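A.B. asks: Have a look at this one.
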Amino acid sequence: MTNVRELLESVVPKDEHDHLRGADVRRLGRRRQRRDQAVNVVVGVTAAAVSIVGVVRFVAPISSRGLPSTTIGPSPRASSTARPAPTLTGPDFAALNGTRWIPDLINAAVSTQQAYPDERGNAPRALVTFEPGHVLVVDYIEDGRTTTVRGTWVATSDTPEVDVRARGLLRLSLATPPNAPSVLVLLINRLSLVSAFAMFTTNGPPPSLEALTMSMFHDAVGLVAVDLVKPDLLLPSPYPLRP
């Protein structure tokens with residue numbers, strides 16, 4: 001029987017290149033966008049665990065007319081702290097401590113453009129960090145300005161390691177800071193709805209990222225996909241140093 005990975009690979013051929021330039025990064029982003037729109041998902045969620053049968057289906061990217069026409073720029077040091085996240089029943093997913101992730105802003109339907117760490121430019125970019133003590137940090141960079149939002153996270157997992165086997169429940173608690181950019185507002189709204197997660201391998205990731213994607217979803221609908229940053233990697237400017 002064909003498993004999910006084989007089905008996915010039949011839709012999108014593997015890319016064997018080890019090193020990718022900016023054009024390749026963008027091509028991979030567009031390829032993943034088409035992949036996620038093409039494959040449906042069946043997700044069963046129980047109180048203690050998540051069973052994945054298929055690939056998480058993400059909301060379709062919005063058109064440029066779907067975004068607010070005006071963006072109010074934040075102050076460089078703007079921040080906000082949310083209420084504590086609820087307690088979940090199950091083994092604490094402590095392996096998330098210290099991990100950093102790059103959100104897919106386009107596939108999350110919060111932006112029509114995005115720059116990854118291996119790309120230059122002023123397009124929106126974001127970084128999600130799971131700090132110890134269940135502190136969640138979202139750094140959003142647009143036009144050279146950074147907005148940092150702090151909240152809380154709590155997660156359980158069927159397995160203890162951050163790898164393709166990990167899946168479970170996830171709660172992210174964030175508050176939108178005053179005058180936040182419209183893309184960040186939409187991203188926080190998406191993250192605040194998350195209730196579960198599952199990990200998937202990624203073919204041919206950019207040099208700064210691991211071949212691992214965490215898909216965050218709620219009620220069988222994918223909300224945000226985040227790609228794992230390589231451990232101990234110094235992300236280039238304008239990303240802040242975290243954790």
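Each chain in the structure tokens gets a letter, A, B, ..., in the order shown, and its residues are numbered from 1; ligands are numbered from 1 in order too.
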Considering only C-alpha atoms, return as a PDB file with C-alpha atoms, in the first residue's frame whatever protein or nucleic-acid residues lie within 8 Å of stretch 96-102 of chain A, sequence-local ones (same chain, fewer than 4 positions apart) excluded.
C.D. replies:
ATOM      1  CA  TYR A 116      13.709  33.191   3.987  1.00  0.00           C
ATOM      2  CA  ALA A 126       9.400  35.817  10.854  1.00  0.00           C
ATOM      3  CA  LEU A 127      11.051  33.630  13.474  1.00  0.00           C
ATOM      4  CA  VAL A 128       9.296  31.523  16.125  1.00  0.00           C
ATOM      5  CA  THR A 129      11.362  30.434  19.147  1.00  0.00           C
ATOM      6  CA  PHE A 130      10.288  27.967  21.836  1.00  0.00           C
ATOM      7  CA  GLU A 131      12.299  29.235  24.797  1.00  0.00           C
ATOM      8  CA  PRO A 132      12.706  27.338  28.092  1.00  0.00           C
ATOM      9  CA  HIS A 134       7.363  27.671  28.123  1.00  0.00           C
ATOM     10  CA  VAL A 162      11.946  16.623  17.661  1.00  0.00           C
ATOM     11  CA  VAL A 226       7.099  26.135  10.359  1.00  0.00           C
ATOM     12  CA  ASP A 227      10.518  24.877   9.212  1.00  0.00           C
ATOM     13  CA  LEU A 228      13.211  23.954  11.717  1.00  0.00           C
ATOM     14  CA  VAL A 229      16.327  26.151  11.824  1.00  0.00           C
ATOM     15  CA  PRO A 231      20.846  24.095  15.745  1.00  0.00           C
ATOM     16  CA  ARG A 242      17.768  33.607  19.697  1.00  0.00           C
ATOM     17  CA  PRO A 243      17.361  31.773  21.926  1.00  0.00           C
TER      18      PRO A 243
END
A.B. asks: From the options A:Val183, A:Thr201, A:Gly151, A:Gly133, which residue's atoms come nearest to A:Gln113, counting only C-alpha atoms?
C.D. replies: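 Of all the options, A:Val183 lies closest to A:Gln113.
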A.B. asks: Just checking: using only C-alpha atoms, which residue out of A:Asp232, A:Trp153, A:Glu210, A:Val164 ends up closest to A:Ser195?
C.D. replies: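 Among A:Asp232, A:Trp153, A:Glu210, A:Val164, it is A:Trp153 that comes nearest to A:Ser195.
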A.B. asks: Which of stretch 74-204 of chain A end up as strand (DSSP E or B) when DSSP is run on this backbone - answer as a PyMOL selection string?
C.D. replies: chain A and resi 81+92+99-103+125-131+135-142+145-156+167-173+196-201
A.B. asks: Between atom CA of A:Ser173 and atom CA of A:Leu136, what is the spacing in Å?
C.D. replies: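 Taking atom CA of A:Leu136 as the start and atom CA of A:Ser173 as the end point, the length is 8.0 Å.
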A.B. asks: Atom CA of A:Leu234 and atom CA of A:Pro177, how far apart in Å?
C.D. replies: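 Computing it gives 27.0 Å between the two atoms.
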